[in-house]
$ cat final_7.cif   # mmCIF, C-alpha atoms
data_start
#
loop_
_atom_site.label_atom_id
_atom_site.label_comp_id
_atom_site.auth_asym_id
_atom_site.auth_seq_id
_atom_site.Cartn_x
_atom_site.Cartn_y
_atom_site.Cartn_z
CA MET H 1459 -6.09 18.61 -18.87
CA LYS H 1460 -4.92 15.95 -16.44
CA GLN H 1461 -6.62 16.10 -13.04
CA ILE H 1462 -4.60 15.32 -9.93
CA ILE H 1463 -6.41 13.40 -7.19
CA SER H 1464 -5.11 13.50 -3.64
CA PHE H 1465 -5.86 11.08 -0.82
CA LEU H 1466 -6.92 13.02 2.26
CA LEU H 1467 -7.36 12.19 5.93
CA ALA H 1468 -10.36 14.45 6.52
CA GLY H 1469 -8.32 17.15 4.85
CA PHE H 1470 -4.89 15.98 5.97
CA ILE H 1471 -2.43 14.70 3.36
CA GLY H 1472 -0.21 11.69 4.12
CA GLY H 1473 1.92 8.74 2.94
CA ILE H 1474 3.10 5.29 4.12
CA THR H 1475 6.05 3.19 5.25
CA THR H 1476 6.04 -0.49 6.14
CA TYR H 1477 5.12 -2.19 9.39
CA GLY H 1478 8.16 -3.79 11.00
CA LEU H 1479 9.58 -4.28 7.53
CA ILE H 1480 11.65 -2.35 5.03
CA LEU H 1481 10.02 -2.40 1.61
CA TYR H 1482 11.91 -1.95 -1.64
CA LYS H 1483 9.38 -1.22 -4.35
CA ASN H 1484 9.60 -0.35 -8.03
CA PRO H 1485 7.77 2.82 -9.20
CA ILE H 1486 4.09 2.18 -9.88
CA LYS H 1487 3.41 1.83 -13.59
CA SER H 1488 0.85 4.27 -14.99
CA ASP H 1489 -1.26 1.52 -16.54
CA THR H 1490 -1.66 -0.56 -13.38
CA ALA H 1491 -5.10 0.78 -12.46
CA LEU H 1492 -6.41 0.29 -15.98
CA SER H 1493 -5.45 -3.38 -16.03
CA GLU H 1494 -7.29 -4.08 -12.80
CA LYS H 1495 -10.68 -2.56 -13.61
CA THR H 1496 -13.66 -4.74 -12.73
CA SER H 1497 -17.35 -3.89 -13.16
CA TYR H 1498 -20.04 -4.87 -10.70
CA PHE H 1499 -23.83 -4.62 -10.70
CA ALA H 1500 -25.12 -3.61 -7.28
CA GLY H 1501 -28.48 -3.05 -5.74
CA TYR H 1502 -30.87 -5.41 -7.52
CA ASN H 1503 -31.10 -7.76 -4.56
CA ALA H 1504 -30.08 -5.26 -1.88
CA PRO H 1505 -32.64 -3.63 0.43
CA LEU H 1506 -33.47 -0.05 -0.53
CA ASP H 1507 -34.84 0.85 2.91
CA PHE H 1508 -31.88 1.67 5.17
CA THR H 1509 -33.90 3.13 8.05
CA LYS H 1510 -33.35 0.23 10.45
CA ALA H 1511 -29.61 0.22 9.85
CA ALA H 1512 -29.45 4.00 10.23
CA ASP H 1513 -31.48 3.93 13.46
CA LYS H 1514 -29.09 1.39 14.96
CA ALA H 1515 -25.98 3.33 14.02
CA LEU H 1516 -27.00 6.94 14.65
CA ASP H 1517 -27.21 6.71 18.43
CA ALA H 1518 -23.72 5.20 18.59
CA VAL H 1519 -21.98 7.83 16.43
CA VAL H 1520 -20.71 11.00 18.11
CA HIS H 1521 -19.18 14.36 17.21
CA ILE H 1522 -15.67 15.00 18.56
CA LYS H 1523 -14.13 18.42 19.13
CA ALA H 1524 -10.38 18.19 19.74
CA THR H 1525 -8.52 21.22 21.11
CA GLU H 1526 -4.94 22.00 21.96
CA SER H 1527 -4.75 23.82 25.31
CA PRO H 1528 -2.82 27.12 25.55
CA GLU H 1529 -0.27 25.36 27.77
CA ALA H 1530 0.29 22.59 25.23
CA ALA H 1531 0.51 25.12 22.41
CA GLU H 1532 3.08 27.11 24.38
CA ASN H 1533 5.20 23.99 24.98
CA ARG H 1534 4.99 23.04 21.30
CA PHE H 1535 5.96 26.56 20.29
CA ARG H 1536 8.91 26.74 22.68
CA GLN H 1537 10.27 23.38 21.53
CA SER H 1538 10.07 24.32 17.86
CA TYR H 1539 11.36 27.86 18.44
CA GLN H 1540 14.45 26.65 20.27
CA GLN H 1541 15.42 24.59 17.23
CA ARG H 1542 15.30 27.57 14.86
CA SER H 1543 17.94 29.97 13.69
CA PRO H 1544 18.07 33.33 15.55
CA PHE H 1545 17.06 34.95 12.27
CA SER H 1546 14.22 32.56 11.43
CA PHE H 1547 11.58 35.07 12.55
CA PHE H 1548 12.01 36.76 9.17
CA LEU H 1549 10.67 33.65 7.45
CA GLY H 1550 7.16 33.05 8.72
CA GLU H 1551 4.15 34.12 10.72
CA ASP H 1552 4.76 31.71 13.60
CA ASP H 1553 8.26 33.11 14.03
CA LEU H 1554 6.97 36.67 13.99
CA GLU H 1555 4.46 35.80 16.70
CA GLY H 1556 7.28 34.58 18.93
CA PHE H 1557 9.51 37.56 18.18
CA PHE H 1558 6.85 40.16 18.93
CA GLY H 1559 5.35 38.25 21.86
CA TYR H 1560 1.99 37.44 20.32
CA GLY H 1561 2.18 33.83 21.53
CA PRO H 1562 1.34 30.64 19.64
CA ARG H 1563 -2.01 29.77 18.16
CA THR H 1564 -3.85 26.78 19.60
CA LYS H 1565 -4.98 24.05 17.21
CA GLN H 1566 -8.54 22.81 16.99
CA GLY H 1567 -10.29 20.22 14.87
CA THR H 1568 -13.44 18.15 14.66
CA GLY H 1569 -14.31 14.64 13.61
CA SER H 1570 -16.55 11.71 14.39
CA GLY H 1571 -16.37 8.73 16.69
CA VAL H 1572 -18.18 5.46 17.39
CA ILE H 1573 -19.33 4.26 20.82
CA ILE H 1574 -18.07 0.68 21.06
CA SER H 1575 -19.10 -0.17 24.63
CA PRO H 1576 -21.98 0.87 26.92
CA ASN H 1577 -19.51 2.24 29.50
CA GLY H 1578 -18.33 5.02 27.22
CA TYR H 1579 -15.38 3.84 25.13
CA ILE H 1580 -15.28 5.60 21.76
CA VAL H 1581 -13.11 4.79 18.74
CA THR H 1582 -11.99 7.46 16.28
CA ASN H 1583 -9.04 8.19 13.99
CA ASN H 1584 -5.68 9.10 15.46
CA HIS H 1585 -5.41 12.06 13.08
CA VAL H 1586 -8.59 13.51 14.63
CA VAL H 1587 -7.02 13.75 18.10
CA ASP H 1588 -3.23 13.45 17.84
CA PHE H 1589 -2.49 17.18 18.26
CA ALA H 1590 -4.91 17.81 21.12
CA ASP H 1591 -5.11 17.42 24.90
CA MET H 1592 -8.73 18.50 25.44
CA PHE H 1593 -11.71 16.62 23.99
CA GLU H 1594 -15.45 17.27 23.91
CA VAL H 1595 -17.88 14.59 22.76
CA THR H 1596 -21.41 15.43 21.61
CA LEU H 1597 -23.88 12.54 21.55
CA HIS H 1598 -26.69 12.10 19.04
CA ASP H 1599 -29.10 13.66 21.59
CA ASN H 1600 -26.81 16.75 21.73
CA LYS H 1601 -25.58 16.08 25.27
CA LYS H 1602 -21.92 17.09 25.66
CA TYR H 1603 -19.23 15.38 27.74
CA GLU H 1604 -15.55 15.95 28.43
CA ALA H 1605 -13.55 12.96 27.20
CA THR H 1606 -10.29 11.33 28.24
CA LEU H 1607 -7.79 10.04 25.69
CA VAL H 1608 -7.33 6.34 26.47
CA GLY H 1609 -4.66 5.69 23.85
CA ARG H 1610 -3.55 6.10 20.26
CA ASP H 1611 -2.08 3.87 17.57
CA PRO H 1612 -0.59 6.03 14.78
CA ILE H 1613 0.38 2.95 12.77
CA THR H 1614 -3.26 2.07 12.10
CA ASP H 1615 -4.56 5.65 12.56
CA LEU H 1616 -6.85 4.64 15.43
CA ALA H 1617 -7.47 6.19 18.85
CA VAL H 1618 -9.81 5.54 21.77
CA LEU H 1619 -11.54 8.12 23.99
CA LYS H 1620 -13.68 7.56 27.08
CA ILE H 1621 -16.56 9.52 28.56
CA GLU H 1622 -18.41 9.04 31.84
CA ALA H 1623 -22.08 9.17 30.88
CA GLY H 1624 -23.73 6.14 32.44
CA THR H 1625 -24.96 3.41 30.12
CA LEU H 1626 -24.74 4.39 26.47
CA PRO H 1627 -26.04 2.90 23.21
CA SER H 1628 -23.12 1.15 21.53
CA ILE H 1629 -22.60 -0.28 18.08
CA GLU H 1630 -22.38 -3.99 17.32
CA TYR H 1631 -19.37 -5.26 15.40
CA GLY H 1632 -19.92 -6.94 12.07
CA ASN H 1633 -17.43 -9.22 10.32
CA SER H 1634 -15.59 -7.07 7.79
CA ASP H 1635 -13.81 -10.12 6.38
CA ASN H 1636 -17.18 -11.39 5.14
CA SER H 1637 -18.14 -8.12 3.45
CA ARG H 1638 -18.26 -8.37 -0.34
CA ILE H 1639 -17.71 -6.02 -3.24
CA GLY H 1640 -21.09 -4.72 -4.39
CA GLU H 1641 -22.73 -4.82 -0.95
CA TRP H 1642 -24.63 -1.77 0.27
CA VAL H 1643 -23.11 0.16 3.17
CA LEU H 1644 -23.91 3.34 5.13
CA ALA H 1645 -21.42 6.00 6.22
CA VAL H 1646 -22.48 7.70 9.45
CA GLY H 1647 -20.70 10.76 10.79
CA ASN H 1648 -20.64 14.52 11.25
CA PRO H 1649 -19.25 16.14 8.08
CA PHE H 1650 -18.63 19.89 8.02
CA ASN H 1651 -19.73 20.09 11.69
CA LEU H 1652 -23.25 19.03 10.74
CA SER H 1653 -25.05 16.83 13.25
CA SER H 1654 -25.42 13.12 12.49
CA THR H 1655 -25.48 12.48 8.74
CA VAL H 1656 -26.06 9.21 6.88
CA THR H 1657 -25.02 8.47 3.28
CA ALA H 1658 -25.30 5.22 1.31
CA GLY H 1659 -23.12 3.49 -1.25
CA ILE H 1660 -21.58 0.17 -2.13
CA ILE H 1661 -18.28 -1.50 -1.36
CA SER H 1662 -16.19 -0.78 -4.44
CA ALA H 1663 -12.98 -2.61 -3.46
CA LYS H 1664 -11.19 -4.20 -0.52
CA ASN H 1665 -7.59 -4.39 0.68
CA ARG H 1666 -6.78 -0.94 -0.71
CA ASN H 1667 -3.39 0.61 0.07
CA ILE H 1668 -3.54 4.32 -0.83
CA ASN H 1669 -0.31 5.55 0.80
CA VAL H 1670 -1.99 8.12 3.05
CA ASN H 1671 -0.48 7.40 6.49
CA ARG H 1672 3.02 8.85 7.00
CA ASN H 1673 3.64 7.29 10.41
CA ASP H 1674 6.62 4.92 10.59
CA GLY H 1675 5.46 1.34 10.11
CA ALA H 1676 2.00 2.43 8.93
CA VAL H 1677 -0.40 -0.27 7.81
CA GLU H 1678 -3.20 0.26 5.28
CA ASP H 1679 -5.81 -2.24 4.17
CA PHE H 1680 -8.86 -0.11 3.42
CA ILE H 1681 -12.40 -0.90 2.38
CA GLN H 1682 -13.18 1.40 -0.56
CA THR H 1683 -16.76 2.66 -0.95
CA ASP H 1684 -18.65 5.24 -2.97
CA ALA H 1685 -20.68 6.40 0.05
CA ALA H 1686 -20.20 10.17 0.41
CA VAL H 1687 -17.58 10.96 3.08
CA ASN H 1688 -16.37 14.50 3.72
CA PRO H 1689 -14.09 16.32 6.19
CA GLY H 1690 -15.55 15.71 9.64
CA ASN H 1691 -16.56 12.14 8.79
CA SER H 1692 -13.16 10.83 9.91
CA GLY H 1693 -13.63 8.37 12.76
CA GLY H 1694 -17.27 7.74 11.90
CA ALA H 1695 -18.96 4.42 11.24
CA LEU H 1696 -19.23 2.38 8.07
CA VAL H 1697 -22.08 -0.07 8.69
CA ASP H 1698 -23.75 -2.86 6.78
CA THR H 1699 -27.48 -3.07 6.08
CA ASN H 1700 -28.01 -4.60 9.53
CA GLY H 1701 -26.44 -1.57 11.20
CA LYS H 1702 -23.33 -3.50 12.24
CA LEU H 1703 -19.90 -1.85 12.20
CA ILE H 1704 -17.68 -3.03 9.36
CA GLY H 1705 -15.30 -0.06 9.14
CA ILE H 1706 -14.04 3.26 10.53
CA ASN H 1707 -14.24 5.99 7.88
CA THR H 1708 -10.77 7.48 7.47
CA ALA H 1709 -9.88 8.99 4.10
CA ILE H 1710 -11.20 10.30 0.80
CA ALA H 1711 -9.77 10.58 -2.70
CA SER H 1712 -10.32 14.11 -3.93
CA PRO H 1713 -8.86 16.86 -6.13
CA THR H 1714 -10.56 19.52 -3.98
CA GLY H 1715 -10.61 18.26 -0.38
CA ALA H 1716 -14.31 17.34 -0.60
CA TYR H 1717 -15.94 14.07 -1.60
CA ALA H 1718 -15.31 13.09 -5.22
CA GLY H 1719 -16.52 9.51 -5.47
CA TYR H 1720 -14.10 7.46 -3.37
CA SER H 1721 -13.85 6.99 0.39
CA PHE H 1722 -11.85 4.58 2.50
CA ALA H 1723 -12.49 2.86 5.83
CA ILE H 1724 -10.34 0.80 8.19
CA PRO H 1725 -11.90 -2.71 8.35
CA ALA H 1726 -13.69 -3.39 11.63
CA ASN H 1727 -11.84 -6.67 12.22
CA ARG H 1728 -8.50 -4.83 11.99
CA ALA H 1729 -9.77 -1.98 14.16
CA LYS H 1730 -11.21 -4.29 16.81
CA SER H 1731 -7.90 -6.00 17.56
CA VAL H 1732 -6.10 -2.65 17.86
CA ILE H 1733 -8.85 -1.15 20.02
CA GLU H 1734 -8.79 -4.13 22.38
CA LYS H 1735 -5.02 -3.72 22.85
CA ILE H 1736 -5.40 -0.01 23.58
CA MET H 1737 -8.17 -0.63 26.11
CA LYS H 1738 -6.24 -3.47 27.75
CA ASN H 1739 -3.26 -1.18 28.32
CA TYR H 1740 -5.39 1.68 29.65
CA ASP H 1741 -4.18 3.07 32.96
CA PRO H 1742 -6.17 6.12 34.15
CA LYS H 1743 -3.24 7.24 36.31
CA ALA H 1744 -0.82 7.02 33.39
CA VAL H 1745 -3.07 9.19 31.25
CA ALA H 1746 -3.94 11.77 33.88
CA SER H 1747 -2.21 14.31 31.64
CA ASN H 1748 -4.68 13.29 28.88
CA THR H 1749 -1.92 12.39 26.45
CA GLY H 1750 -3.00 8.74 26.30
CA ASN H 1751 -1.02 5.55 25.87
CA ASN H 1752 1.11 5.69 22.75
CA ASN H 1753 3.98 3.40 23.64
CA ASN H 1754 2.60 0.00 22.67
CA LYS H 1755 5.45 -2.06 21.27
CA LYS H 1756 4.75 -3.71 17.94
CA PRO H 1757 5.85 -7.14 16.73
CA LYS H 1758 8.46 -7.09 13.98
CA LEU H 1759 9.81 -9.71 11.61
CA GLY H 1760 13.12 -7.94 11.04
CA ILE H 1761 13.73 -8.12 7.30
CA ALA H 1762 14.17 -5.79 4.34
CA LEU H 1763 12.03 -7.15 1.54
CA GLU H 1764 10.85 -6.77 -2.03
CA GLU H 1765 7.76 -8.17 -3.68
CA VAL H 1766 8.59 -10.81 -6.27
CA ASP H 1767 7.24 -10.26 -9.76
CA TYR H 1768 8.26 -11.59 -13.17
CA GLU H 1769 10.81 -8.81 -13.67
CA LEU H 1770 12.55 -9.36 -10.31
CA ALA H 1771 12.47 -13.13 -10.69
CA SER H 1772 14.14 -12.86 -14.11
CA GLU H 1773 16.72 -10.35 -12.93
CA LEU H 1774 17.78 -12.38 -9.88
CA LYS H 1775 17.09 -15.80 -11.46
CA LEU H 1776 14.74 -16.70 -8.61
CA PRO H 1777 13.12 -20.14 -8.56
CA VAL H 1778 9.61 -18.62 -8.17
CA ASP H 1779 7.85 -15.57 -9.63
CA LYS H 1780 5.59 -14.83 -6.63
CA GLY H 1781 6.37 -14.27 -2.97
CA ILE H 1782 8.42 -11.99 -0.74
CA TYR H 1783 12.13 -11.73 -1.53
CA VAL H 1784 14.31 -11.30 1.58
CA ARG H 1785 16.81 -8.67 0.53
CA GLN H 1786 18.36 -8.31 4.00
CA VAL H 1787 18.01 -9.92 7.43
CA LEU H 1788 18.30 -7.30 10.15
CA ASP H 1789 20.77 -7.92 12.97
CA GLY H 1790 19.18 -9.08 16.20
CA GLY H 1791 15.74 -9.42 14.68
CA ALA H 1792 13.27 -12.27 14.82
CA ALA H 1793 14.14 -13.49 11.32
CA GLN H 1794 17.86 -13.72 12.09
CA SER H 1795 17.19 -15.66 15.30
CA ALA H 1796 15.03 -18.13 13.38
CA GLY H 1797 17.61 -18.73 10.65
CA LEU H 1798 16.06 -16.83 7.76
CA LEU H 1799 18.69 -15.82 5.19
CA ALA H 1800 19.08 -13.07 2.61
CA ASN H 1801 17.89 -14.26 -0.85
CA ASP H 1802 15.24 -16.52 0.69
CA VAL H 1803 11.76 -16.17 -0.83
CA ILE H 1804 8.81 -16.36 1.58
CA VAL H 1805 5.92 -18.06 -0.23
CA ARG H 1806 3.56 -18.96 2.63
CA VAL H 1807 2.89 -17.84 6.21
CA ASN H 1808 0.77 -20.03 8.48
CA ASN H 1809 -0.44 -21.99 5.43
CA SER H 1810 -1.59 -18.82 3.63
CA ASP H 1811 -0.02 -17.86 0.29
CA ILE H 1812 1.97 -14.62 0.45
CA SER H 1813 2.53 -12.57 -2.71
CA SER H 1814 2.53 -8.96 -1.44
CA ALA H 1815 4.10 -6.93 1.34
CA GLN H 1816 0.59 -5.85 2.35
CA SER H 1817 -0.55 -9.43 2.96
CA LEU H 1818 2.53 -10.05 5.13
CA GLN H 1819 1.92 -6.79 7.01
CA ASN H 1820 -1.68 -7.80 7.67
CA ILE H 1821 -0.53 -10.98 9.39
CA ILE H 1822 2.10 -9.20 11.50
CA VAL H 1823 -0.17 -6.35 12.62
CA ASN H 1824 -2.72 -8.88 13.88
CA SER H 1825 -0.04 -10.80 15.81
CA LYS H 1826 1.56 -10.19 19.20
CA ILE H 1827 5.15 -10.10 20.37
CA GLY H 1828 6.07 -13.72 21.10
CA ASP H 1829 3.68 -15.20 18.54
CA VAL H 1830 5.22 -17.77 16.19
CA LEU H 1831 4.73 -17.44 12.44
CA ASN H 1832 5.34 -20.58 10.41
CA LEU H 1833 7.14 -19.45 7.25
CA THR H 1834 7.40 -21.58 4.12
CA VAL H 1835 10.55 -20.45 2.33
CA ASN H 1836 12.03 -21.26 -1.06
CA ARG H 1837 15.82 -21.31 -0.64
CA ASN H 1838 17.65 -21.91 -3.91
CA GLY H 1839 14.85 -24.11 -5.18
CA LYS H 1840 14.40 -26.09 -1.96
CA ILE H 1841 11.39 -25.68 0.33
CA LYS H 1842 12.07 -25.07 4.02
CA GLU H 1843 9.68 -24.60 6.94
CA ILE H 1844 10.97 -21.96 9.38
CA PRO H 1845 9.10 -21.00 12.58
CA VAL H 1846 9.78 -17.37 13.54
CA LYS H 1847 9.03 -15.98 17.00
CA LEU H 1848 8.15 -12.31 16.61
CA LYS H 1849 10.16 -9.72 18.55
CA ALA H 1850 9.58 -6.06 19.41
#
$ encode --input "final_7.cif" --output "structure tokens"
Amino acid sequence: MKQIISFLLAGFIGGITTYGLILYKNPIKSDTALSEKTSYFAGYNAPLDFTKAADKALDAVVHIKATESPEAAENRFRQSYQQRSPFSFFLGEDDLEGFFGYGPRTKQGTGSGVIISPNGYIVTNNHVVDFADMFEVTLHDNKKYEATLVGRDPITDLAVLKIEAGTLPSIEYGNSDNSRIGEWVLAVGNPFNLSSTVTAGIISAKNRNINVNRNDGAVEDFIQTDAAVNPGNSGGALVDTNGKLIGINTAIASPTGAYAGYSFAIPANRAKSVIEKIMKNYDPKAVASNTGNNNNKKPKLGIALEEVDYELASELKLPVDKGIYVRQVLDGGAAQSAGLLANDVIVRVNNSDISSAQSLQNIIVNSKIGDVLNLTVNRNGKIKEIPVKLKA
């Protein structure tokens, strides 16, 4: 019997759209995964004593309790109830609550977080906190603090909280770009509401896109590991054998909702750039309501695209069989202003070869509005260099 595996955000199911781009993509062929299998031997030269790495990471990983206040729940309920049919109370429990005056239920969830600075900034996943307006952080020594939501970035599924607790132990960033398949890693978090838990595994793959984030413009580029990660681990640390942060644990692949051999983390280098932007835009007065900053404008290229493969190249008689085919240039966008045309094929960006939408997304998400991308384009067999200044 065929087993269906779902990708879960600590128990939440999701999907993906593109980041500042519109992606046309053919259905995934069933044999794709089989053709890409690679075997690795791991552990012969890796240290088997992880105590030093665990000691470094444990003090910097926290438990997060996120709660929706009764006032916020009431507002959410009123907004949704006003949009319903007068007869919709026959259809569901929430409607019956409103009809009989029971009132809405408040939401509550838990997850993990990582202290990234001694003055109390904590990174976690957006899906851990996005529904809530009250936050409680429990440190490794079991001390509890009320936290403020600094800001959220749904596109990368990251959020930042802050607590006032004096000088705190914080984690040191590693370089996730230098991490290699087969390396040992530790996942540190608080699964199933248990206090600090450490599991070990290896990096199984990099640059994974698992279609788990449904937010518009979502970007995925996960590190895949076989370290055990379960609900409650979301927002926790993935560290190397030196105890340095190389990822934020985010999702699992599972037929049951519990760990089944695959877990996925946002690379630390990606997370760091997003976190720094959130912290830079932090205004305590603006977030007095504890809703955080969630209005950061994102750079966009302004094209509808399709990945070039042999089939598309043959169908459209393209001069190349790898790259990004520009199906449409969006009016008023950065690409139109720079002179990019429909039917162009982008083959390089800033001297890096581009063969997938994900690789182009990675460059854009790590850029700022106003940055210039130098595009190498094949236009009807002729190579053109086109600088594009990114717009919001």
$ atom_distance --input "final_7.cif" --atom1 "atom CA of H:Leu1516" --atom2 "atom CA of H:Ser1637"
20.8 Å
$ resolve_selection --input "final_7.cif" --expression "the PyMOL selection byres ((chain H and resi 1825) around 12)" --output "JSON, numbers by chain"
{"H": [1477, 1478, 1728, 1731, 1732, 1735, 1755, 1756, 1757, 1758, 1759, 1808, 1818, 1819, 1820, 1821, 1822, 1823, 1824, 1826, 1827, 1828, 1829, 1830, 1831, 1847, 1848, 1849, 1850]}
$ atom_distance --input "final_7.cif" --atom1 "atom CA of H:Lys1842" --atom2 "atom CA of H:Glu1764"
19.3 Å
$ resolve_selection --input "final_7.cif" --expression "the PyMOL selection byres ((chain H and resi 1795) around 12)" --output "PyMOL selection string"
chain H and resi 1759-1761+1787-1794+1796-1799+1844-1849
$ residues_around --input "final_7.cif" --residues "H:Ile1621" --least-positions-apart "3" --cutoff "9 Å" --atoms "all atoms listed in the file" --output "PyMOL selection string"
chain H and resi 1577-1580+1595+1603-1606+1624
$ closest_residue --input "final_7.cif" --among "H:Lys1523, H:Arg1806, H:His1585, H:Lys1601" --to "H:Gln1566" --atoms "only C-alpha atoms"
H:Lys1523
$ closest_residue --input "final_7.cif" --among "H:Ala1524, H:Leu1597, H:Ala1590, H:Val1766" --to "H:Val1784" --atoms "all atoms listed in the file"
H:Val1766
$ resolve_selection --input "final_7.cif" --expression "the PyMOL selection byres ((chain H and resi 1778) around 10)" --output "NGL selection string"
:H and (1766-1768 or 1770-1772 or 1775-1777 or 1779-1781 or 1783 or 1803 or 1805 or 1836 or 1838-1839)
